[in-house]
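Peer 1: File follows, structure-v7.txt with compact mmCIF, C-alpha atoms and all ligand atoms:
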```txt
# COMPACT_ATOMS: atom_id res chain seq x y z
CA MET G 1 48.16 53.68 152.89
CA ILE G 2 45.74 51.10 154.24
CA SER G 3 46.37 47.55 153.12
CA GLY G 4 45.25 43.96 153.74
CA GLN G 5 42.42 43.32 156.15
CA GLY G 6 42.28 46.99 157.10
CA ALA G 7 41.71 47.99 153.50
CA ASP G 8 38.84 45.49 153.18
CA LEU G 9 37.25 46.92 156.30
CA ALA G 10 37.71 50.51 155.21
CA LEU G 11 36.25 49.74 151.78
CA LYS G 12 33.29 47.95 153.34
CA ILE G 13 32.55 51.00 155.49
CA LEU G 14 32.95 53.47 152.66
CA ALA G 15 30.89 51.39 150.20
CA ALA G 16 27.88 50.98 152.51
CA PRO G 17 24.69 52.67 151.29
CA LEU G 18 23.75 55.99 152.86
CA SER G 19 21.06 54.81 155.21
CA THR G 20 20.90 54.52 158.97
CA LYS G 21 19.70 50.94 158.47
CA ALA G 22 22.98 50.09 156.78
CA LEU G 23 25.36 51.78 159.23
CA ASN G 24 28.25 49.48 159.65
CA LEU G 25 28.84 49.92 163.35
CA ARG G 26 30.70 47.53 165.54
CA PRO G 27 31.83 47.73 169.14
CA PRO G 28 35.43 48.60 169.97
CA GLU G 29 37.73 45.63 169.94
CA GLY G 30 37.05 43.17 172.76
CA VAL G 31 33.93 44.94 173.99
CA VAL G 32 30.48 43.42 174.19
CA MET G 33 27.91 46.18 173.93
CA VAL G 34 25.07 45.94 176.42
CA MET G 35 22.24 48.27 175.49
CA ILE G 36 20.06 47.78 178.56
CA GLY G 37 19.67 50.26 181.38
CA TYR G 38 20.74 53.18 179.25
CA GLY G 39 18.90 56.22 178.18
CA ASP G 40 15.29 55.81 177.26
CA ILE G 41 12.53 57.47 179.22
CA LEU G 42 9.45 57.50 177.01
CA GLY G 43 11.67 57.64 173.93
CA ALA G 44 13.89 60.50 175.19
CA GLN G 45 17.64 60.11 175.04
CA THR G 46 19.80 60.66 178.09
CA PRO G 47 23.16 62.36 177.55
CA ILE G 48 26.16 60.53 178.83
CA THR G 49 27.61 62.26 181.87
CA TRP G 50 31.30 62.94 182.18
CA SER G 51 32.93 61.57 185.29
CA ASP G 52 36.50 61.33 186.55
CA ASP G 53 36.12 57.55 186.17
CA TYR G 54 36.52 58.10 182.43
CA LYS G 55 39.86 59.85 182.80
CA ILE G 56 42.75 57.92 181.29
CA GLY G 57 45.42 60.06 182.98
CA VAL G 58 46.62 62.09 179.99
CA GLU G 59 45.42 65.60 180.76
CA LYS G 60 44.95 66.96 177.25
CA ILE G 61 43.15 63.82 176.09
CA ASP G 62 40.92 63.80 179.17
CA ARG G 63 39.94 67.42 178.52
CA GLU G 64 39.08 66.61 174.93
CA HIS G 65 37.05 63.56 175.96
CA GLU G 66 35.03 65.76 178.29
CA GLU G 67 34.41 68.16 175.40
CA LEU G 68 33.30 65.24 173.25
CA PHE G 69 30.77 64.30 175.92
CA ASN G 70 29.53 67.92 175.93
CA ALA G 71 29.17 68.01 172.15
CA TYR G 72 27.32 64.70 172.18
CA GLY G 73 25.12 66.12 175.00
CA LYS G 74 24.13 69.12 172.85
CA PHE G 75 23.17 66.76 170.04
CA ILE G 76 20.99 64.74 172.44
CA GLU G 77 19.40 67.93 173.81
CA SER G 78 18.48 68.93 170.30
CA ILE G 79 16.81 65.57 169.67
CA ASN G 80 14.94 65.68 172.98
CA SER G 81 13.70 69.20 172.24
CA ASN G 82 12.19 67.89 169.00
CA ASN G 83 14.16 70.46 167.06
CA ALA G 84 13.95 70.65 163.29
CA PRO G 85 16.19 68.15 161.45
CA SER G 86 18.41 71.02 160.26
CA SER G 87 19.03 72.08 163.84
CA ILE G 88 19.72 68.48 164.92
CA THR G 89 22.17 68.01 162.07
CA SER G 90 23.97 71.23 162.96
CA THR G 91 24.62 69.93 166.50
CA LEU G 92 25.74 66.68 164.91
CA GLU G 93 28.15 68.59 162.67
CA ILE G 94 29.69 70.26 165.73
CA PHE G 95 30.04 66.81 167.33
CA GLU G 96 31.65 65.49 164.13
CA ASP G 97 34.07 68.43 163.96
CA TYR G 98 35.18 67.78 167.50
CA ILE G 99 35.50 64.05 166.82
CA LEU G 100 37.77 64.88 163.89
CA TYR G 101 39.84 67.31 165.97
CA HIS G 102 40.20 64.91 168.89
CA PHE G 103 40.94 61.80 166.82
CA SER G 104 43.59 63.69 164.92
CA ASN G 105 45.24 64.89 168.16
CA GLU G 106 45.11 61.43 169.68
CA GLU G 107 46.60 59.86 166.56
CA SER G 108 49.42 62.42 166.56
CA LEU G 109 50.12 61.58 170.19
CA MET G 110 50.21 57.83 169.39
CA LEU G 111 52.56 58.48 166.51
CA SER G 112 54.85 60.63 168.62
CA ILE G 113 55.26 57.98 171.33
CA GLY G 114 55.70 55.06 168.90
CA TYR G 115 52.44 53.45 169.99
CA PRO G 116 52.40 49.91 168.55
CA ASP G 117 48.61 49.62 167.98
CA LEU G 118 48.25 52.90 166.13
CA PHE G 119 46.86 51.25 163.00
CA SER G 120 43.99 49.33 164.64
CA HIS G 121 43.20 52.33 166.82
CA LYS G 122 43.03 54.58 163.77
CA LEU G 123 40.73 52.11 162.06
CA GLU G 124 38.30 52.28 164.99
CA HIS G 125 38.37 56.05 164.77
CA LEU G 126 37.72 55.91 161.04
CA ASP G 127 34.89 53.44 161.47
CA PHE G 128 33.16 55.65 164.02
CA ARG G 129 33.71 58.86 162.12
CA VAL G 130 32.29 57.43 158.90
CA SER G 131 29.32 56.01 160.79
CA VAL G 132 28.44 59.35 162.38
CA THR G 133 28.80 61.10 159.03
CA ARG G 134 26.58 58.53 157.30
CA PHE G 135 24.06 58.95 160.07
CA ARG G 136 23.98 62.73 159.55
CA THR G 137 23.74 62.34 155.80
CA ALA G 138 20.80 59.96 156.21
CA ILE G 139 18.93 62.48 158.40
CA THR G 140 19.71 65.26 155.95
CA GLN G 141 18.19 63.11 153.22
CA GLY G 142 14.99 62.70 155.21
CA ASP G 143 15.46 59.44 157.11
CA ASP G 144 13.94 59.18 160.58
CA ILE G 145 16.37 59.37 163.48
CA ASN G 146 17.36 55.87 164.50
CA HIS G 147 17.50 56.18 168.27
CA ASP G 148 19.39 52.93 168.70
CA PHE G 149 22.29 54.40 166.77
CA VAL G 150 22.16 57.63 168.76
CA LYS G 151 22.50 55.55 171.93
CA PHE G 152 25.16 53.45 170.34
CA PHE G 153 27.28 56.54 169.66
CA GLY G 154 27.28 57.32 173.39
CA HIS G 155 28.09 53.71 174.26
CA TRP G 156 30.84 53.67 171.69
CA LEU G 157 32.48 56.77 173.15
CA ILE G 158 32.56 55.32 176.66
CA SER G 159 33.74 51.89 175.56
CA HIS G 160 36.37 53.25 173.23
CA ILE G 161 37.77 55.55 175.92
CA MET G 162 37.75 52.87 178.60
CA VAL G 163 39.34 50.17 176.44
CA MET G 164 41.31 51.57 173.51
CA ASP G 165 42.29 55.00 174.82
CA LYS G 166 43.18 53.67 178.23
CA ARG G 167 45.76 51.42 176.57
CA ILE G 168 47.58 54.54 175.35
CA SER G 169 48.07 55.82 178.89
CA GLU G 170 49.11 52.31 180.04
CA PHE G 171 51.69 52.27 177.26
CA ILE G 172 52.99 55.69 178.34
CA LYS G 173 53.18 54.54 181.98
CA ASN G 174 54.94 51.28 181.10
CA SER G 175 57.40 53.06 178.80
CA SER G 176 58.36 55.53 181.52
CA THR G 177 58.98 52.78 184.09
CA ALA G 178 60.84 50.47 181.70
FE FE Q 201 40.83 56.80 170.49
FE FE Q 202 39.92 59.45 172.54
```
Can the structure in the file be given as structure tokens, please?

Peer 2:
Amino acid sequence: MISGQGADLALKILAAPLSTKALNLRPPEGVVMVMIGYGDILGAQTPITWSDDYKIGVEKIDREHEELFNAYGKFIESINSNNAPSSITSTLEIFEDYILYHFSNEESLMLSIGYPDLFSHKLEHLDFRVSVTRFRTAITQGDDINHDFVKFFGHWLISHIMVMDKRISEFIKNSSTA
């Protein structure tokens, strides 16, 4: 059960109108998003490329992150190929399904190790998940694709992995040496 500030945030996200213009996105905690130097060549989107630098050192989670990058890449490919909205939204659905699968696995891991920041981490997951779903719903309802949000999703993935997810592996490391 979400309560207090978290409940306010969750309600704010869930109550936002279904439009890309109203997506309630925010960067992961403590991260300033810099949107320059990323992606656009004549309006095309560039997929984010998986690299070992993004590994946090938990094998299963790293594998899933790589899969997330791949699913996001297929979504970008579909946009760049000027596919029909229905085909773009189907790649987005696959991305969403994998997000759901991965977030759920990561949250189970945090729960199993007694991770102290589980709640705020879960809220970030929820925020992102709802935003991607709202984005898909907006396209399904005929909105134009907001390319800034598409880019933001890629940025969010990298930032979230490098800041929030990395803390999980640091916690595991510190717990095993304590
Ligand atoms: Fe996470
Ligand atoms: Fe993750």

Peer 1: Using all atoms listed in the file, which of the listed residues (G:Gly57, G:Thr49, G:Gly73, G:Ser108) sits closest to Ile172 (chain G)?

Peer 2: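 So, comparing all the options, the nearest one is G:Gly57.
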
Peer 1: Neighbours of ligand FE 201 (chain Q) at 7 Å or closer, counting all atoms listed in the file: which residues, as a PDB file with C-alpha atoms, in the frame of the given file?

Peer 2:
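Ended up saving to pocket-v6.pdb:
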```
ATOM      1  CA  PHE G 103      40.940  61.800 166.820  1.00  0.00           C
ATOM      2  CA  GLU G 106      45.110  61.430 169.680  1.00  0.00           C
ATOM      3  CA  HIS G 121      43.200  52.330 166.820  1.00  0.00           C
ATOM      4  CA  HIS G 125      38.370  56.050 164.770  1.00  0.00           C
ATOM      5  CA  HIS G 160      36.370  53.250 173.230  1.00  0.00           C
ATOM      6  CA  ILE G 161      37.770  55.550 175.920  1.00  0.00           C
ATOM      7  CA  MET G 164      41.310  51.570 173.510  1.00  0.00           C
ATOM      8  CA  ASP G 165      42.290  55.000 174.820  1.00  0.00           C
TER       9      ASP G 165
END
```

Peer 1: Do you have the CA of Val150 (chain G)-CA of Thr46 (chain G) distance handy?

Peer 2: 10.1 Å

Peer 1: Pick out the residues sitting within 12 Å of Met110 (chain G), and hand them over as an mmCIF file with C-alpha atoms, in the frame of the given file; count only C-alpha atoms, and ignore anything fewer than 2 positions along from it in its own chain.

Peer 2:
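Ended up saving to result07.cif:
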```cif
data_model
loop_
_atom_site.group_PDB
_atom_site.id
_atom_site.type_symbol
_atom_site.label_atom_id
_atom_site.label_comp_id
_atom_site.auth_asym_id
_atom_site.auth_seq_id
_atom_site.Cartn_x
_atom_site.Cartn_y
_atom_site.Cartn_z
ATOM 1 C CA VAL G 58 46.620 62.090 179.990
ATOM 2 C CA ILE G 61 43.150 63.820 176.090
ATOM 3 C CA PHE G 103 40.940 61.800 166.820
ATOM 4 C CA SER G 104 43.590 63.690 164.920
ATOM 5 C CA ASN G 105 45.240 64.890 168.160
ATOM 6 C CA GLU G 106 45.110 61.430 169.680
ATOM 7 C CA GLU G 107 46.600 59.860 166.560
ATOM 8 C CA SER G 108 49.420 62.420 166.560
ATOM 9 C CA SER G 112 54.850 60.630 168.620
ATOM 10 C CA ILE G 113 55.260 57.980 171.330
ATOM 11 C CA GLY G 114 55.700 55.060 168.900
ATOM 12 C CA TYR G 115 52.440 53.450 169.990
ATOM 13 C CA PRO G 116 52.400 49.910 168.550
ATOM 14 C CA ASP G 117 48.610 49.620 167.980
ATOM 15 C CA LEU G 118 48.250 52.900 166.130
ATOM 16 C CA PHE G 119 46.860 51.250 163.000
ATOM 17 C CA SER G 120 43.990 49.330 164.640
ATOM 18 C CA HIS G 121 43.200 52.330 166.820
ATOM 19 C CA LYS G 122 43.030 54.580 163.770
ATOM 20 C CA MET G 164 41.310 51.570 173.510
ATOM 21 C CA ASP G 165 42.290 55.000 174.820
ATOM 22 C CA ARG G 167 45.760 51.420 176.570
ATOM 23 C CA ILE G 168 47.580 54.540 175.350
ATOM 24 C CA SER G 169 48.070 55.820 178.890
ATOM 25 C CA PHE G 171 51.690 52.270 177.260
ATOM 26 C CA ILE G 172 52.990 55.690 178.340
#
```

Peer 1: Mind listing whatever residues come within 12 Å of the point (31.9, 69.6, 173.3)? Use all atoms listed in the file, file coordinates, and give them as a compact mmCIF listing (two decimals) with C-alpha atoms, keeping the file's coordinate frame.

Peer 2:
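File written: part.txt
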```txt
# COMPACT_ATOMS: atom_id res chain seq x y z
CA TRP G 50 31.30 62.94 182.18
CA ARG G 63 39.94 67.42 178.52
CA GLU G 64 39.08 66.61 174.93
CA HIS G 65 37.05 63.56 175.96
CA GLU G 66 35.03 65.76 178.29
CA GLU G 67 34.41 68.16 175.40
CA LEU G 68 33.30 65.24 173.25
CA PHE G 69 30.77 64.30 175.92
CA ASN G 70 29.53 67.92 175.93
CA ALA G 71 29.17 68.01 172.15
CA TYR G 72 27.32 64.70 172.18
CA GLY G 73 25.12 66.12 175.00
CA LYS G 74 24.13 69.12 172.85
CA PHE G 75 23.17 66.76 170.04
CA ILE G 76 20.99 64.74 172.44
CA THR G 91 24.62 69.93 166.50
CA LEU G 92 25.74 66.68 164.91
CA GLU G 93 28.15 68.59 162.67
CA ILE G 94 29.69 70.26 165.73
CA PHE G 95 30.04 66.81 167.33
CA GLU G 96 31.65 65.49 164.13
CA ASP G 97 34.07 68.43 163.96
CA TYR G 98 35.18 67.78 167.50
CA ILE G 99 35.50 64.05 166.82
CA TYR G 101 39.84 67.31 165.97
CA HIS G 102 40.20 64.91 168.89
```

Peer 1: What does the distance from CA of Ile56 (chain G) to CA of Glu77 (chain G) come to in Å, to one decimal?

Peer 2: 26.5 Å

Peer 1: Kindly compute an axis-aligned box around the listed atoms of region 50-53 of chain G, allowing 5 Å on each side, and express its centre and edge lengths in Å to one decimal as JSON.

Peer 2:
```
{"center_x": 33.9, "center_y": 60.2, "center_z": 184.4, "size_x": 15.2, "size_y": 15.4, "size_z": 14.4}
```

Peer 1: Name the closest residue to ligand FE 202 (chain Q) among the candidates G:Leu157, G:Phe149, G:Asp127, G:Ile79; distances are taken between atoms, counting only C-alpha atoms and all ligand atoms.

Peer 2: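 Closest candidate: G:Leu157.
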
Peer 1: For Pro47 (chain G), which residue among G:Gly142, G:Glu124, G:Ser87, G:Lys151 is the nearest when counting all atoms listed in the file?

Peer 2: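 Among the listed residues, the smallest separation from Pro47 (chain G) belongs to G:Lys151.
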
Peer 1: Nearest to ligand FE 202 (chain Q) among G:Ser176, G:Ser159, G:Asn80, G:Ser131, with distances taken over all atoms listed in the file: which residue is it?

Peer 2: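 That would be G:Ser159, the residue with the smallest distance to ligand FE 202 (chain Q).
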
Peer 1: Separation of CA of Thr89 (chain G) and CA of Ile48 (chain G), in Å?

Peer 2: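 Distance between the two atoms: 18.8 Å.
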
Peer 1: For a quick check of understanding, using all atoms listed in the file, which of G:Ile145, G:Leu100, G:Val132, G:Leu111 has the smallest distance to ligand FE 202 (chain Q)?

Peer 2: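 Checking each of G:Ile145, G:Leu100, G:Val132, G:Leu111 against ligand FE 202 (chain Q), counting all atoms listed in the file, the winner is G:Leu100.
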
Peer 1: With distances taken over all atoms listed in the file, which of G:Asp62, G:Ala138, G:His155, G:Ser175 is nearest to ligand FE 202 (chain Q)?

Peer 2: G:Asp62

Peer 1: Output as an mmCIF file, keeping the file's coordinate frame: region 105-132 of chain G, completed with N, CA and C atoms.

Peer 2:
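The new file selection30.cif reads:
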```cif
data_model
loop_
_atom_site.group_PDB
_atom_site.id
_atom_site.type_symbol
_atom_site.label_atom_id
_atom_site.label_comp_id
_atom_site.auth_asym_id
_atom_site.auth_seq_id
_atom_site.Cartn_x
_atom_site.Cartn_y
_atom_site.Cartn_z
ATOM 1 N N ASN G 105 44.276 64.643 167.073
ATOM 2 C CA ASN G 105 45.240 64.890 168.160
ATOM 3 C C ASN G 105 45.713 63.594 168.801
ATOM 4 N N GLU G 106 44.765 62.697 169.015
ATOM 5 C CA GLU G 106 45.110 61.430 169.680
ATOM 6 C C GLU G 106 46.038 60.594 168.783
ATOM 7 N N GLU G 107 45.752 60.626 167.482
ATOM 8 C CA GLU G 107 46.600 59.860 166.560
ATOM 9 C C GLU G 107 48.008 60.455 166.484
ATOM 10 N N SER G 108 48.090 61.781 166.551
ATOM 11 C CA SER G 108 49.420 62.420 166.560
ATOM 12 C C SER G 108 50.187 62.024 167.814
ATOM 13 N N LEU G 109 49.469 61.978 168.940
ATOM 14 C CA LEU G 109 50.120 61.580 170.190
ATOM 15 C C LEU G 109 50.650 60.145 170.060
ATOM 16 N N MET G 110 49.792 59.241 169.528
ATOM 17 C CA MET G 110 50.210 57.830 169.390
ATOM 18 C C MET G 110 51.438 57.720 168.498
ATOM 19 N N LEU G 111 51.425 58.508 167.434
ATOM 20 C CA LEU G 111 52.560 58.480 166.510
ATOM 21 C C LEU G 111 53.821 58.959 167.209
ATOM 22 N N SER G 112 53.667 60.030 167.990
ATOM 23 C CA SER G 112 54.850 60.630 168.620
ATOM 24 C C SER G 112 55.481 59.732 169.689
ATOM 25 N N ILE G 113 54.687 58.838 170.272
ATOM 26 C CA ILE G 113 55.260 57.980 171.330
ATOM 27 C C ILE G 113 55.587 56.578 170.800
ATOM 28 N N GLY G 114 55.404 56.374 169.487
ATOM 29 C CA GLY G 114 55.700 55.060 168.900
ATOM 30 C C GLY G 114 54.725 53.987 169.370
ATOM 31 N N TYR G 115 53.457 54.377 169.488
ATOM 32 C CA TYR G 115 52.440 53.450 169.990
ATOM 33 C C TYR G 115 52.256 52.289 169.008
ATOM 34 N N PRO G 116 52.386 51.036 169.485
ATOM 35 C CA PRO G 116 52.400 49.910 168.550
ATOM 36 C C PRO G 116 51.045 49.592 167.889
ATOM 37 N N ASP G 117 49.931 49.962 168.544
ATOM 38 C CA ASP G 117 48.610 49.620 167.980
ATOM 39 C C ASP G 117 47.951 50.805 167.281
ATOM 40 N N LEU G 118 48.781 51.700 166.792
ATOM 41 C CA LEU G 118 48.250 52.900 166.130
ATOM 42 C C LEU G 118 47.292 52.546 164.999
ATOM 43 N N PHE G 119 47.654 51.561 164.198
ATOM 44 C CA PHE G 119 46.860 51.250 163.000
ATOM 45 C C PHE G 119 45.440 50.787 163.365
ATOM 46 N N SER G 120 45.333 49.822 164.292
ATOM 47 C CA SER G 120 43.990 49.330 164.640
ATOM 48 C C SER G 120 43.188 50.410 165.366
ATOM 49 N N HIS G 121 43.888 51.233 166.130
ATOM 50 C CA HIS G 121 43.200 52.330 166.820
ATOM 51 C C HIS G 121 42.654 53.331 165.793
ATOM 52 N N LYS G 122 43.475 53.642 164.811
ATOM 53 C CA LYS G 122 43.030 54.580 163.770
ATOM 54 C C LYS G 122 41.837 54.034 163.002
ATOM 55 N N LEU G 123 41.850 52.720 162.786
ATOM 56 C CA LEU G 123 40.730 52.110 162.060
ATOM 57 C C LEU G 123 39.422 52.255 162.843
ATOM 58 N N GLU G 124 39.514 52.092 164.170
ATOM 59 C CA GLU G 124 38.300 52.280 164.990
ATOM 60 C C GLU G 124 37.806 53.714 164.893
ATOM 61 N N HIS G 125 38.751 54.648 164.924
ATOM 62 C CA HIS G 125 38.370 56.050 164.770
ATOM 63 C C HIS G 125 37.665 56.265 163.429
ATOM 64 N N LEU G 126 38.269 55.723 162.385
ATOM 65 C CA LEU G 126 37.720 55.910 161.040
ATOM 66 C C LEU G 126 36.310 55.334 160.951
ATOM 67 N N ASP G 127 36.167 54.140 161.485
ATOM 68 C CA ASP G 127 34.890 53.440 161.470
ATOM 69 C C ASP G 127 33.800 54.310 162.122
ATOM 70 N N PHE G 128 34.131 54.847 163.280
ATOM 71 C CA PHE G 128 33.160 55.650 164.020
ATOM 72 C C PHE G 128 32.840 56.947 163.275
ATOM 73 N N ARG G 129 33.877 57.588 162.812
ATOM 74 C CA ARG G 129 33.710 58.860 162.120
ATOM 75 C C ARG G 129 32.815 58.708 160.886
ATOM 76 N N VAL G 130 33.089 57.665 160.107
ATOM 77 C CA VAL G 130 32.290 57.430 158.900
ATOM 78 C C VAL G 130 30.846 57.120 159.283
ATOM 79 N N SER G 131 30.669 56.365 160.355
ATOM 80 C CA SER G 131 29.320 56.010 160.790
ATOM 81 C C SER G 131 28.516 57.240 161.194
ATOM 82 N N VAL G 132 29.149 58.139 161.942
ATOM 83 C CA VAL G 132 28.440 59.350 162.380
ATOM 84 C C VAL G 132 28.111 60.211 161.157
#
```
